[in-house]
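Okay, input14.cif is below, mmCIF, C-alpha atoms:
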```
data_final
loop_
_atom_site.group_PDB
_atom_site.id
_atom_site.type_symbol
_atom_site.label_atom_id
_atom_site.label_comp_id
_atom_site.auth_asym_id
_atom_site.auth_seq_id
_atom_site.Cartn_x
_atom_site.Cartn_y
_atom_site.Cartn_z
ATOM 1 C CA MET A 170 3.652 8.156 8.339
ATOM 2 C CA PHE A 171 3.698 10.022 5.026
ATOM 3 C CA LEU A 172 -0.076 9.718 4.717
ATOM 4 C CA LEU A 173 -0.624 10.757 8.320
ATOM 5 C CA ASP A 174 1.535 13.828 7.773
ATOM 6 C CA LYS A 175 -0.543 14.698 4.689
ATOM 7 C CA CYS A 176 -3.760 14.312 6.686
ATOM 8 C CA LEU A 177 -2.556 16.337 9.632
ATOM 9 C CA SER A 178 -1.218 19.173 7.476
ATOM 10 C CA LYS A 179 -4.473 19.695 5.538
ATOM 11 C CA LYS A 180 -7.956 19.420 7.011
ATOM 12 C CA ASP A 181 -10.777 17.964 4.871
ATOM 13 C CA GLU A 182 -8.595 17.786 1.762
ATOM 14 C CA TYR A 183 -8.033 14.104 0.970
ATOM 15 C CA ASN A 184 -9.759 10.816 0.371
ATOM 16 C CA ILE A 185 -7.162 8.062 0.703
ATOM 17 C CA LEU A 186 -7.882 4.710 -0.893
ATOM 18 C CA LEU A 187 -5.750 1.821 0.411
ATOM 19 C CA ILE A 188 -6.003 -1.145 -1.954
ATOM 20 C CA THR A 189 -4.758 -4.435 -0.511
ATOM 21 C CA ASN A 190 -4.644 -8.033 -1.677
ATOM 22 C CA LYS A 191 -7.092 -9.550 0.823
ATOM 23 C CA ASN A 192 -9.780 -8.567 3.312
ATOM 24 C CA ALA A 193 -7.758 -9.331 6.441
ATOM 25 C CA THR A 194 -4.918 -7.122 5.220
ATOM 26 C CA SER A 195 -7.376 -4.344 4.445
ATOM 27 C CA ALA A 196 -8.694 -4.264 8.013
ATOM 28 C CA GLU A 197 -5.143 -4.669 9.375
ATOM 29 C CA ARG A 198 -4.047 -1.484 7.584
ATOM 30 C CA ILE A 199 -6.838 0.494 9.236
ATOM 31 C CA GLU A 200 -5.999 -1.049 12.633
ATOM 32 C CA PHE A 201 -2.359 -0.047 12.131
ATOM 33 C CA LEU A 202 -3.449 3.539 11.429
ATOM 34 C CA CYS A 203 -5.654 3.516 14.539
ATOM 35 C CA ASP A 204 -2.798 2.162 16.679
ATOM 36 C CA THR A 205 -0.415 4.775 15.256
ATOM 37 C CA CYS A 206 -2.915 7.531 16.019
ATOM 38 C CA ASP A 207 -3.459 6.184 19.551
ATOM 39 C CA SER A 208 0.264 6.040 20.302
ATOM 40 C CA ASN A 209 0.801 9.580 18.967
ATOM 41 C CA GLY A 210 -2.255 11.244 20.509
ATOM 42 C CA ILE A 211 -3.918 11.849 17.132
ATOM 43 C CA GLU A 212 -7.703 12.020 17.101
ATOM 44 C CA TYR A 213 -9.566 9.871 14.580
ATOM 45 C CA PHE A 214 -13.009 8.452 14.027
ATOM 46 C CA LYS A 215 -13.383 4.814 13.012
ATOM 47 C CA HIS A 216 -16.508 4.378 10.883
ATOM 48 C CA THR A 217 -16.103 0.679 10.042
ATOM 49 C CA ARG A 218 -13.276 -1.848 10.151
ATOM 50 C CA ASN A 219 -12.170 -0.525 6.734
ATOM 51 C CA ASN A 220 -12.865 3.198 7.044
ATOM 52 C CA ILE A 221 -11.544 5.947 9.329
ATOM 53 C CA THR A 222 -11.351 9.743 9.332
ATOM 54 C CA ILE A 223 -8.312 11.683 10.492
ATOM 55 C CA ASN A 224 -8.554 15.496 10.552
ATOM 56 C CA GLY A 225 -11.475 15.374 8.124
ATOM 57 C CA ASN A 226 -9.531 13.208 5.668
ATOM 58 C CA LYS A 227 -11.100 9.824 4.971
ATOM 59 C CA PHE A 228 -9.227 6.537 4.618
ATOM 60 C CA TYR A 229 -10.964 3.722 2.752
ATOM 61 C CA SER A 230 -9.250 0.342 2.776
ATOM 62 C CA ILE A 231 -10.443 -2.211 0.250
ATOM 63 C CA ALA A 232 -9.471 -5.668 -0.929
ATOM 64 C CA SER A 233 -11.485 -5.947 -4.122
ATOM 65 C CA HIS A 234 -13.205 -3.851 -6.732
ATOM 66 C CA LYS A 235 -16.586 -4.689 -5.193
ATOM 67 C CA ASP A 236 -15.775 -2.890 -1.952
ATOM 68 C CA ILE A 237 -15.503 0.632 -3.218
ATOM 69 C CA LEU A 238 -15.360 3.277 -5.618
ATOM 70 C CA TYR A 239 -18.954 4.244 -6.028
ATOM 71 C CA SER A 240 -18.989 5.088 -2.322
ATOM 72 C CA ILE A 241 -15.982 7.429 -2.349
ATOM 73 C CA PRO A 242 -17.273 10.998 -2.545
ATOM 74 C CA ARG A 243 -15.799 13.368 -5.067
ATOM 75 C CA GLY A 244 -14.595 16.864 -4.303
ATOM 76 C CA LYS A 245 -11.462 15.999 -2.356
ATOM 77 C CA LYS A 246 -8.032 15.074 -3.689
ATOM 78 C CA LEU A 247 -7.796 11.310 -4.073
ATOM 79 C CA ILE A 248 -4.646 9.497 -3.021
ATOM 80 C CA VAL A 249 -4.546 5.872 -4.159
ATOM 81 C CA VAL A 250 -2.172 3.452 -2.420
ATOM 82 C CA TYR A 251 -1.706 -0.058 -3.791
ATOM 83 C CA ASP A 252 -0.259 -2.301 -1.069
ATOM 84 C CA GLU A 253 1.572 -5.402 -2.377
ATOM 85 C CA TYR A 254 0.445 -4.591 -5.912
ATOM 86 C CA VAL A 255 1.838 -7.745 -7.482
ATOM 87 C CA PHE A 256 -0.393 -9.911 -5.274
ATOM 88 C CA ILE A 257 -3.654 -8.135 -6.176
ATOM 89 C CA PRO A 258 -5.402 -10.249 -8.824
ATOM 90 C CA ASP A 259 -5.269 -8.704 -12.303
ATOM 91 C CA ILE A 260 -9.057 -8.865 -12.645
ATOM 92 C CA HIS A 261 -9.416 -6.742 -9.487
ATOM 93 C CA LEU A 262 -6.759 -4.283 -10.661
ATOM 94 C CA GLN A 263 -8.461 -3.815 -13.994
ATOM 95 C CA LYS A 264 -11.873 -3.205 -12.442
ATOM 96 C CA ILE A 265 -10.408 -0.842 -9.830
ATOM 97 C CA GLU A 266 -8.520 1.098 -12.482
ATOM 98 C CA ASP A 267 -11.671 1.297 -14.622
ATOM 99 C CA SER A 268 -13.636 2.603 -11.634
ATOM 100 C CA LEU A 269 -10.945 5.160 -10.795
ATOM 101 C CA ARG A 270 -11.382 6.837 -14.183
ATOM 102 C CA VAL A 271 -14.320 8.832 -12.804
ATOM 103 C CA HIS A 272 -12.093 10.244 -10.060
ATOM 104 C CA ASN A 273 -9.338 12.799 -10.376
ATOM 105 C CA VAL A 274 -6.403 10.931 -8.791
ATOM 106 C CA TYR A 275 -4.089 13.394 -7.073
ATOM 107 C CA LEU A 276 -1.344 10.940 -6.106
ATOM 108 C CA ASN A 277 -0.786 7.264 -6.869
ATOM 109 C CA ILE A 278 1.536 5.262 -4.600
ATOM 110 C CA THR A 279 2.300 1.652 -5.483
ATOM 111 C CA THR A 280 4.199 -0.654 -3.156
ATOM 112 C CA SER A 281 5.102 -4.283 -3.608
ATOM 113 C CA THR A 282 7.628 -7.018 -3.173
ATOM 114 C CA PRO A 283 8.911 -8.149 -6.577
ATOM 115 C CA ASN A 284 7.446 -11.472 -7.628
ATOM 116 C CA GLY A 285 8.945 -12.364 -10.989
ATOM 117 C CA CYS A 286 8.783 -10.268 -14.142
ATOM 118 C CA ASN A 287 5.205 -9.099 -14.513
ATOM 119 C CA ARG A 288 2.876 -6.099 -14.477
ATOM 120 C CA PHE A 289 4.544 -4.621 -11.375
ATOM 121 C CA LYS A 290 7.982 -4.779 -12.999
ATOM 122 C CA GLU A 291 6.605 -2.985 -16.063
ATOM 123 C CA LEU A 292 5.096 -0.321 -13.821
ATOM 124 C CA TYR A 293 8.306 -0.009 -11.791
ATOM 125 C CA ASP A 294 10.452 0.308 -14.920
ATOM 126 C CA SER A 295 8.182 2.995 -16.377
ATOM 127 C CA CYS A 296 8.051 5.225 -13.270
ATOM 128 C CA GLU A 297 10.219 8.284 -12.817
ATOM 129 C CA ASN A 298 10.076 8.303 -9.006
ATOM 130 C CA THR A 299 10.922 4.966 -7.428
ATOM 131 C CA PHE A 300 12.766 3.882 -4.328
ATOM 132 C CA THR A 301 13.516 0.628 -2.589
ATOM 133 C CA VAL A 302 13.990 -0.480 0.992
ATOM 134 C CA ASN A 303 16.439 -3.369 1.218
ATOM 135 C CA TRP A 304 17.174 -5.615 4.159
ATOM 136 C CA LYS A 305 20.240 -3.590 5.195
ATOM 137 C CA ASP A 306 18.055 -0.464 5.507
ATOM 138 C CA ILE A 307 16.183 -1.949 8.484
ATOM 139 C CA PRO A 308 17.912 -1.267 11.829
ATOM 140 C CA GLY A 309 19.152 -4.387 13.591
ATOM 141 C CA ARG A 310 19.474 -6.604 10.550
ATOM 142 C CA ILE A 311 22.988 -7.983 10.282
ATOM 143 C CA SER A 312 24.768 -10.570 8.144
ATOM 144 C CA ASN A 313 23.747 -13.330 10.561
ATOM 145 C CA TRP A 314 20.074 -12.401 9.998
ATOM 146 C CA LYS A 315 20.599 -12.602 6.228
ATOM 147 C CA SER A 316 22.173 -16.062 6.546
ATOM 148 C CA GLN A 317 19.257 -17.342 8.629
ATOM 149 C CA GLN A 318 16.661 -15.972 6.187
ATOM 150 C CA THR A 319 18.502 -17.343 3.153
ATOM 151 C CA GLN A 320 18.593 -20.801 4.751
ATOM 152 C CA MET A 321 14.867 -20.651 5.516
ATOM 153 C CA ILE A 322 13.509 -19.327 2.208
ATOM 154 C CA GLY A 323 16.339 -19.798 -0.308
ATOM 155 C CA SER A 324 18.573 -17.281 -2.033
ATOM 156 C CA ASP A 325 16.221 -16.379 -4.926
ATOM 157 C CA ALA A 326 13.316 -15.737 -2.549
ATOM 158 C CA PHE A 327 15.613 -13.695 -0.296
ATOM 159 C CA GLU A 328 16.832 -11.566 -3.210
ATOM 160 C CA SER A 329 13.245 -10.915 -4.276
ATOM 161 C CA GLU A 330 11.782 -10.352 -0.802
ATOM 162 C CA TYR A 331 14.595 -8.432 0.879
ATOM 163 C CA ASN A 332 16.770 -6.978 -1.920
ATOM 164 C CA ASN A 333 13.953 -6.027 -4.302
ATOM 165 C CA LYS A 334 15.307 -8.064 -7.215
ATOM 166 C CA PHE A 335 13.027 -8.992 -10.093
ATOM 167 C CA ILE A 336 13.859 -12.665 -10.660
ATOM 168 C CA MET A 337 12.464 -14.552 -13.635
ATOM 169 C CA LYS A 338 10.483 -17.529 -12.312
ATOM 170 C CA LYS A 339 11.706 -20.908 -13.517
#
```
Can you dump the structure from the file as structure tokens?
Amino acid sequence: MFLLDKCLSKKDEYNILLITNKNATSAERIEFLCDTCDSNGIEYFKHTRNNITINGNKFYSIASHKDILYSIPRGKKLIVVYDEYVFIPDIHLQKIEDSLRVHNVYLNITTSTPNGCNRFKELYDSCENTFTVNWKDIPGRISNWKSQQTQMIGSDAFESEYNNKFIMKK
């Protein structure tokens, strides 16, 4: 909703680049935005399965370095959102970051589930503005839910997935 609010508050101001870890997820993010717009009466134009415009602001959703950056026009503020950063292959991240050097990035948002001690942990530790959403922050999740999840995936996986703990892999 943060990105939608940005788009609705300023017309023709942003290019938003959603970087995901696989093609299906990339298209799913755009579908989610379309569904959110539909349910809230927000007009949008869907160019392709990975590209929509809301209030003159363009969303580009990509899953690899090959999908993008040369096609994103300059002149607007660029917001870059990494979705599940830790699961994007390092080779893709490096090429994306190299390509982004020609753009003036206005805002960089990185989200991920911890997955050991790696590049995401280094990024997280170096950032000034971070926040987490733990399992208790989601309405309806109670101790019984935690017990069921822990039984299914194990306590280390639960701590990583739902309590945002960086756990050294064995």
- Message: Suppose a student applies the PyMOL selection byres ((chain A and resi 243-258) around 7) to this structure; what residues should they get, written as a list in words?
- Response: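 Checking the PyMOL selection byres ((chain A and resi 243-258) around 7) against this file, the residues are Glu182, Tyr183, Asn184, Ile185, Leu186, Leu187, Ile188, Thr189, Asn190, Ile241, Pro242, Asp259, Ile260, His261, Leu262, His272, Asn273, Val274, Tyr275, Leu276, Asn277, Ile278, Thr279, Thr280, Ser281, Thr282, Asn284 and Phe289 of chain A.
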- What does the distance between atom CA of A:Leu292 and atom CA of A:Glu330 come to in Å, to one decimal place? 17.7 Å
- Identify the residues within 6 Å of coordinate (9.5, -14.1, -8.5) (same frame as the file), considering only C-alpha atoms, and give the answer as a PyMOL selection string. chain A and resi 284-285+336-338
- Message: What's the separation between atom CA of A:Ser195 and atom CA of A:Lys179, in Å to one decimal place?
- Response: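 Atom CA of A:Lys179 lies at a distance of 24.2 Å from atom CA of A:Ser195.
Distances here use only C-alpha atoms; by that measure, the residue among A:Glu212, A:Ile265, A:Arg288, A:Trp304 closest to A:Gln318 is A:Trp304.
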- Message: Which residue is closest to A:Lys180? Choose from A:Asn226, A:His216, A:Pro308, A:Glu291 and count all atoms listed in the file.
- Response: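 Closest residue, counting all atoms listed in the file: A:Asn226.
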- Query: Do you have the atom CA of A:Asp267-atom CA of A:Ser230 distance handy?
  - Reply: 17.6 Å
- Message: I'd like to know which of A:Gln317, A:Gln263, A:Phe335, A:Arg310 is closest to A:Asn287, using only C-alpha atoms.
- Response: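 Of A:Gln317, A:Gln263, A:Phe335, A:Arg310, the one nearest A:Asn287, counting only C-alpha atoms, is A:Phe335.
Using all atoms listed in the file, the shortest contact distance between A:Cys286 and any of A:Gln320, A:Ser329, A:Asn298, A:Asn303 is found at A:Ser329.
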- Message: Given the PyMOL selection byres ((chain A and resi 213) around 9) and the file above, list the residues it selects as a list of chain:residue names.
- Response: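 Applied to this file, the PyMOL selection byres ((chain A and resi 213) around 9) selects A:Cys203, A:Cys206, A:Asp207, A:Ile211, A:Glu212, A:Phe214, A:Lys215, A:Ile221, A:Thr222, A:Ile223, A:Asn224, A:Gly225.
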Taking all listed atoms of stretch 289-308 of chain A, build the axis-aligned box, pad each of the six sides by 5 Å, then write its centre and edge lengths in Å to one decimal as AutoDock Vina command-line options.
```
--center_x 12.4 --center_y 1.3 --center_z -2.3 --size_x 25.7 --size_y 23.9 --size_z 38.2
```
- Pick from A:Lys305, A:Phe228, A:Asp174, A:Ser316: nearest to A:Asn332, with all atoms listed in the file counted? A:Lys305
